[in-house]
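What follows is protein10.cif (mmCIF, C-alpha atoms).
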data_input
loop_
_atom_site.label_atom_id
_atom_site.label_comp_id
_atom_site.auth_asym_id
_atom_site.auth_seq_id
_atom_site.Cartn_x
_atom_site.Cartn_y
_atom_site.Cartn_z
CA MET G 1 -17.36 -8.56 -2.62
CA GLU G 2 -17.50 -7.61 -6.31
CA ALA G 3 -15.41 -4.93 -8.01
CA ALA G 4 -18.51 -3.24 -9.40
CA ASP G 5 -19.90 -2.77 -5.89
CA LEU G 6 -16.63 -1.61 -4.35
CA ARG G 7 -16.16 1.74 -2.63
CA ILE G 8 -12.42 2.02 -2.12
CA LEU G 9 -9.87 4.51 -0.86
CA VAL G 10 -6.40 4.19 -2.41
CA ALA G 11 -3.84 6.06 -0.31
CA GLY G 12 -0.78 6.68 -2.44
CA ALA G 13 -2.76 6.92 -5.67
CA THR G 14 -0.37 9.48 -7.17
CA GLY G 15 2.39 6.86 -7.46
CA ALA G 16 2.80 4.49 -10.40
CA LEU G 17 1.52 1.48 -8.51
CA GLY G 18 -1.29 3.22 -6.63
CA SER G 19 -2.60 4.98 -9.71
CA ALA G 20 -2.58 1.71 -11.67
CA VAL G 21 -4.63 -0.02 -8.96
CA ALA G 22 -7.06 2.90 -8.76
CA VAL G 23 -7.53 2.98 -12.54
CA LEU G 24 -8.09 -0.78 -12.78
CA ALA G 25 -10.64 -0.68 -9.95
CA ALA G 26 -12.49 2.18 -11.63
CA GLU G 27 -12.46 0.39 -14.98
CA ARG G 28 -14.13 -2.58 -13.29
CA GLY G 29 -16.89 -0.40 -11.90
CA ALA G 30 -15.61 0.50 -8.44
CA ARG G 31 -16.03 3.97 -6.98
CA VAL G 32 -12.55 5.12 -6.06
CA VAL G 33 -11.32 7.99 -3.91
CA PRO G 34 -7.63 8.64 -4.56
CA ALA G 35 -5.45 10.12 -1.84
CA GLY G 36 -1.93 11.49 -2.11
CA ARG G 37 0.44 14.29 -1.23
CA ASP G 38 1.07 16.03 -4.58
CA PRO G 39 -2.02 18.14 -5.43
CA HIS G 40 -1.29 18.40 -9.15
CA ARG G 41 -0.78 14.69 -9.67
CA LEU G 42 -3.72 13.93 -7.40
CA GLU G 43 -6.01 16.08 -9.53
CA GLN G 44 -4.82 14.31 -12.67
CA VAL G 45 -5.56 10.89 -11.18
CA ALA G 46 -8.97 11.97 -9.88
CA CYS G 47 -9.93 13.31 -13.32
CA ARG G 48 -8.84 10.09 -14.99
CA LEU G 49 -10.93 8.08 -12.54
CA GLY G 50 -13.97 10.33 -12.69
CA SER G 51 -13.76 10.29 -8.92
CA PRO G 52 -16.30 12.09 -6.74
CA ALA G 53 -13.47 13.33 -4.52
CA MET G 54 -9.73 13.43 -3.96
CA LEU G 55 -7.99 13.68 -0.61
CA ARG G 56 -4.60 15.06 0.34
CA PHE G 57 -2.57 13.59 3.18
CA ASP G 58 0.94 13.71 4.55
CA ALA G 59 2.74 10.75 6.11
CA TYR G 60 3.98 12.93 8.98
CA ASP G 61 0.45 13.99 9.92
CA SER G 62 -0.61 10.97 11.96
CA ASP G 63 -4.01 12.40 12.90
CA GLY G 64 -4.68 13.32 9.29
CA CYS G 65 -3.79 9.80 8.19
CA THR G 66 -6.16 8.34 10.78
CA ARG G 67 -9.03 10.55 9.57
CA LEU G 68 -8.49 9.74 5.90
CA ALA G 69 -10.88 6.76 5.70
CA ALA G 70 -13.68 8.63 7.46
CA ARG G 71 -13.30 11.50 4.99
CA ALA G 72 -13.49 9.06 2.06
CA ALA G 73 -16.56 7.37 3.57
CA ASP G 74 -18.27 10.76 3.79
CA ARG G 75 -17.69 11.31 0.06
CA LEU G 76 -18.83 7.81 -0.96
CA GLY G 77 -21.63 7.22 1.52
CA GLY G 78 -19.65 4.40 3.11
CA LEU G 79 -16.46 2.50 2.50
CA ASP G 80 -15.73 -1.15 1.67
CA ALA G 81 -11.95 -1.21 1.30
CA VAL G 82 -8.81 0.80 1.97
CA LEU G 83 -5.47 0.10 0.31
CA VAL G 84 -2.21 1.91 1.17
CA THR G 85 0.34 1.90 -1.65
CA SER G 86 2.60 4.78 -0.60
CA GLY G 87 6.20 4.27 0.46
CA THR G 88 9.83 5.29 0.08
CA VAL G 89 13.21 3.58 -0.05
CA ALA G 90 16.82 4.15 1.00
CA PHE G 91 20.04 2.25 0.35
CA GLY G 92 23.29 1.76 2.21
CA PRO G 93 24.85 -0.48 4.87
CA ALA G 94 23.38 -0.26 8.34
CA GLU G 95 26.45 1.37 9.89
CA ARG G 96 26.24 4.25 7.42
CA THR G 97 22.51 4.84 7.61
CA SER G 98 21.62 7.80 9.79
CA ALA G 99 18.95 7.83 12.46
CA VAL G 100 17.18 10.55 10.47
CA ILE G 101 16.83 8.24 7.47
CA GLU G 102 15.75 5.32 9.66
CA GLU G 103 13.07 7.48 11.30
CA HIS G 104 11.88 8.73 7.92
CA LEU G 105 11.52 5.20 6.56
CA MET G 106 9.61 4.11 9.66
CA ALA G 107 7.32 7.14 9.43
CA VAL G 108 6.48 6.75 5.75
CA ASN G 109 6.58 2.96 5.35
CA ALA G 110 5.15 1.82 8.67
CA LEU G 111 3.59 4.45 10.93
CA ALA G 112 1.63 6.29 8.23
CA PRO G 113 0.06 3.13 6.72
CA MET G 114 -0.75 1.91 10.23
CA ALA G 115 -2.51 5.20 10.98
CA VAL G 116 -4.51 5.12 7.73
CA LEU G 117 -5.62 1.54 8.29
CA ARG G 118 -6.30 2.07 11.99
CA GLY G 119 -8.76 4.77 11.02
CA ALA G 120 -10.21 2.51 8.33
CA LEU G 121 -11.01 -0.24 10.83
CA ALA G 122 -13.40 2.13 12.57
CA VAL G 123 -15.23 2.89 9.31
CA ILE G 124 -15.33 -0.34 7.30
CA GLY G 125 -18.05 -2.82 8.15
CA SER G 126 -18.21 -6.60 8.19
CA GLY G 127 -17.03 -8.15 4.93
CA GLY G 128 -14.74 -5.24 4.12
CA ALA G 129 -11.00 -5.25 3.45
CA VAL G 130 -7.87 -3.29 4.29
CA GLY G 131 -4.42 -3.78 2.87
CA ALA G 132 -0.97 -2.31 2.36
CA ILE G 133 2.10 -2.77 0.23
CA THR G 134 5.04 -4.22 2.14
CA ALA G 135 7.66 -5.92 -0.05
CA ALA G 136 9.10 -9.30 -0.93
CA ILE G 137 12.18 -8.19 0.98
CA VAL G 138 10.43 -9.00 4.28
CA ASP G 139 11.01 -12.67 3.40
CA ARG G 140 14.36 -12.34 1.63
CA PRO G 141 16.96 -9.97 3.16
CA VAL G 142 19.00 -7.85 0.78
CA LYS G 143 22.38 -6.30 1.62
CA GLY G 144 22.35 -2.53 1.85
CA MET G 145 18.63 -2.30 2.63
CA ALA G 146 18.44 -3.07 6.35
CA ALA G 147 16.56 0.09 7.32
CA TYR G 148 14.10 -0.28 4.45
CA GLN G 149 13.51 -3.93 5.28
CA ALA G 150 12.97 -3.09 8.95
CA SER G 151 10.28 -0.54 8.10
CA LYS G 152 8.46 -2.93 5.77
CA ALA G 153 8.79 -5.83 8.22
CA ALA G 154 7.28 -3.67 10.95
CA LEU G 155 4.23 -2.99 8.79
CA SER G 156 3.99 -6.66 7.81
CA ALA G 157 4.02 -7.74 11.46
CA TRP G 158 1.34 -5.17 12.30
CA LEU G 159 -0.87 -6.42 9.47
CA ASP G 160 -0.44 -9.99 10.68
CA ALA G 161 -1.57 -9.10 14.20
CA VAL G 162 -4.48 -6.97 12.98
CA ARG G 163 -5.65 -9.81 10.73
CA THR G 164 -6.01 -12.02 13.80
CA GLU G 165 -7.88 -9.31 15.70
CA GLN G 166 -10.29 -8.58 12.83
CA ARG G 167 -11.45 -12.13 12.18
CA ARG G 168 -14.27 -11.56 14.63
CA ASN G 169 -15.37 -8.55 12.56
CA ARG G 170 -14.97 -10.37 9.21
CA ILE G 171 -12.59 -7.70 7.91
CA SER G 172 -9.84 -9.13 5.75
CA VAL G 173 -6.28 -7.78 5.96
CA LEU G 174 -3.97 -8.05 2.95
CA ASP G 175 -0.17 -7.95 3.18
CA ALA G 176 1.07 -7.36 -0.39
CA ARG G 177 4.72 -8.45 -0.48
CA LEU G 178 5.49 -7.19 -3.94
CA PRO G 179 8.76 -7.78 -5.81
CA HIS G 180 10.82 -5.09 -7.49
CA MET G 181 8.94 -3.29 -10.26
CA ASP G 182 10.00 -0.49 -12.58
CA THR G 183 7.89 2.21 -10.94
CA GLY G 184 10.75 4.69 -10.50
CA LEU G 185 10.85 4.24 -6.71
CA VAL G 186 14.54 3.30 -6.61
CA ASP G 187 15.39 6.45 -8.55
CA ARG G 188 13.72 8.53 -5.84
CA ALA G 189 15.63 6.97 -2.93
CA VAL G 190 15.99 9.30 0.04
CA ALA G 191 19.55 8.07 0.65
CA GLY G 192 22.20 5.94 -0.97
CA THR G 193 22.70 4.53 -4.44
CA PRO G 194 20.58 1.60 -5.60
CA PRO G 195 22.43 -1.64 -6.30
CA PRO G 196 21.97 -3.42 -9.62
CA THR G 197 18.35 -4.53 -9.75
CA PRO G 198 16.75 -7.39 -11.64
CA PRO G 199 14.26 -6.66 -14.41
CA GLY G 200 11.04 -5.30 -13.01
CA ALA G 201 8.17 -7.68 -12.45
CA ASP G 202 5.05 -7.53 -14.64
CA LEU G 203 3.25 -4.47 -13.26
CA PRO G 204 -0.21 -5.16 -14.80
CA ALA G 205 -0.17 -8.75 -13.50
CA TRP G 206 0.68 -7.64 -9.96
CA VAL G 207 -1.85 -4.81 -10.03
CA ALA G 208 -4.58 -7.25 -11.10
CA ALA G 209 -3.55 -9.69 -8.37
CA LEU G 210 -3.53 -6.90 -5.80
CA LEU G 211 -7.08 -5.87 -6.64
CA GLU G 212 -8.18 -9.51 -6.69
CA GLY G 213 -6.60 -10.01 -3.29
CA MET G 214 -8.55 -7.12 -1.81
CA ILE G 215 -11.83 -8.27 -3.34
CA SER G 216 -11.43 -11.94 -2.43
CA GLY G 217 -10.30 -11.39 1.16
CA ALA G 218 -6.79 -12.81 0.72
CA SER G 219 -4.27 -12.48 3.53
CA VAL G 220 -0.96 -12.40 1.63
CA LEU G 221 0.11 -11.62 -1.93
CA MET G 222 3.67 -12.70 -2.70
CA PRO G 223 5.85 -14.09 -5.48
CA HIS G 224 5.43 -17.80 -6.08
CA PRO G 225 8.53 -19.55 -4.69
CA VAL G 226 9.18 -21.39 -7.96
CA HIS G 227 8.21 -19.18 -10.89
CA GLY G 228 7.81 -15.80 -9.17
CA ALA G 229 4.32 -15.04 -10.52
CA PRO G 230 1.76 -13.41 -8.21
CA ALA G 231 0.43 -15.88 -5.65
CA LEU G 232 -2.45 -15.18 -3.26
CA ARG G 233 -2.76 -16.89 0.10
CA ARG G 234 -6.18 -16.99 1.73
#
Full structure transcribed into structure tokens:
Amino acid sequence: MEAADLRILVAGATGALGSAVAVLAAERGARVVPAGRDPHRLEQVACRLGSPAMLRFDAYDSDGCTRLAARAADRLGGLDAVLVTSGTVAFGPAERTSAVIEEHLMAVNALAPMAVLRGALAVIGSGGAVGAITAAIVDRPVKGMAAYQASKAALSAWLDAVRTEQRRNRISVLDARLPHMDTGLVDRAVAGTPPPTPPGADLPAWVAALLEGMISGASVLMPHPVHGAPALRR
């Protein structure tokens, strides 16, 4: 798959990370349909991309999430890849995290991406790709983030199982276990106060690696265990 031939849906394209991926893909010749919740920001992203369409969705609308890829395919005359970059975060020890917050994290970080990608699997043909952002935290627990880690680990486990199922269809499944980046996500936490965080990772480098992972059919994108740079696993 080449970037110039790519027809891709980016769900979560109104966020800092999703918009950066969408812009890079468009700059390399891909046709991109951005999807997000905020109509104003979505329109701005679509205009910047010169996109033929933009799609709104809500994480709590499971059926709408499932239909998202089919809607994008209608606009593009087919679909080669779907990437979910949306998500939210909360902080606090497990014993002080409410069930409401836990359910919200599961809905936004796990169930909604699963629904989007489940719908994508029915639309994308052989040689296509699906992927989602999990987090490096699935491999390295952090105090005060148990509920967040659980939601991301649930999505990561789902992607792992789907990857095995889709080998027969030659659809690659990317689990992007990204490190902390200065995208503003921690400042929009739905609960708790963020702990001191390390300097954000190099956003352009991770965005480029994320797009490369989708195009090349990689299975995992994660920080290199020694120097922390983006590392793709086939």
Mind pulling up the distance from CA of Asn109 in chain G to CA of Asp74 in chain G? 26.1 Å
Would you write out, as a ChimeraX atom specification, every residue that the PyMOL selection byres ((chain G and resi 201) around 8) captures in this file? /G:179-182,199-200,202-203,206
For C-alpha atoms, I'd like the residues from the last selection saved as a PDB file, in the frame of the given file.
ATOM      1  CA  PRO G 179       8.760  -7.780  -5.810  1.00  0.00           C
ATOM      2  CA  HIS G 180      10.820  -5.090  -7.490  1.00  0.00           C
ATOM      3  CA  MET G 181       8.940  -3.290 -10.260  1.00  0.00           C
ATOM      4  CA  ASP G 182      10.000  -0.490 -12.580  1.00  0.00           C
ATOM      5  CA  PRO G 199      14.260  -6.660 -14.410  1.00  0.00           C
ATOM      6  CA  GLY G 200      11.040  -5.300 -13.010  1.00  0.00           C
ATOM      7  CA  ASP G 202       5.050  -7.530 -14.640  1.00  0.00           C
ATOM      8  CA  LEU G 203       3.250  -4.470 -13.260  1.00  0.00           C
ATOM      9  CA  TRP G 206       0.680  -7.640  -9.960  1.00  0.00           C
TER      10      TRP G 206
END
Nearest to Cys65 in chain G by atom-to-atom distance, counting all atoms listed in the file, from G:Ile101, G:Ala205, G:Val108, G:Leu17: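 For Cys65 in chain G, the nearest of the candidates is G:Val108.
Applied to this file, the PyMOL selection byres ((chain G and resi 131) around 8) selects the residues Val82, Leu83, Val84, Leu117, Ala129, Val130, Ala132, Ile133, Leu159, Val173, Leu174, Asp175, Ala176 and Met214 of chain G.
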Translate the PyMOL selection byres ((chain G and resi 42) around 10) into a concrete residue list for this structure, as a VMD selection string. chain G and resid 12 to 15 19 34 to 41 43 to 48 54 to 56
Test item: axis-aligned box, all listed atoms of range 97-115 of chain G, 6 Å on each side, centre and edges in Å rounded to one decimal, as lines of an AutoDock Vina configuration file:
center_x = 10.0
center_y = 6.2
center_z = 8.9
size_x = 37.0
size_y = 20.7
size_z = 19.1
Top pick for closest residue to Val23 in chain G, considering G:Leu178, G:Arg118, G:Ala208, G:Gly78 and counting all atoms listed in the file: G:Ala208
Which polymer residues, protein or nucleic acid, are no farther than 7 Å from (-11.8, 2.5, -4.5), counting only C-alpha atoms, as a PyMOL selection string? chain G and resi 6-10+22+25+30-33+81
G:Thr88, G:Thr66, G:Thr134, G:Ser126 ranked by distance to Val190 in chain G, top pick (using all atoms listed in the file):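 Closest to Val190 in chain G, using all atoms listed in the file: G:Thr88.
Of the listed residues (G:Ser86, G:Ser51, G:Ser219, G:Ser62), G:Ser51 comes nearest to Ala26 in chain G; the distances count only C-alpha atoms.
Across the model, the gap from CA of Ala122 in chain G to CA of Glu165 in chain G is 13.1 Å.
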Find the distance between CA of Asp80 in chain G and CA of Ile124 in chain G and write it in Å to one decimal.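 Going from CA of Asp80 in chain G over to CA of Ile124 in chain G covers 5.7 Å.
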Which residue gives the smallest distance to Gly77 in chain G among G:Met222, G:Ala3, G:Leu49, G:Val123, with only C-alpha atoms counted? G:Val123
Of the candidates G:Val207, G:Val89, G:Ala53, G:Val142, which one gets nearest to Ala189 in chain G if we count only C-alpha atoms?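 Of G:Val207, G:Val89, G:Ala53, G:Val142, the one nearest Ala189 in chain G is G:Val89, counting only C-alpha atoms.
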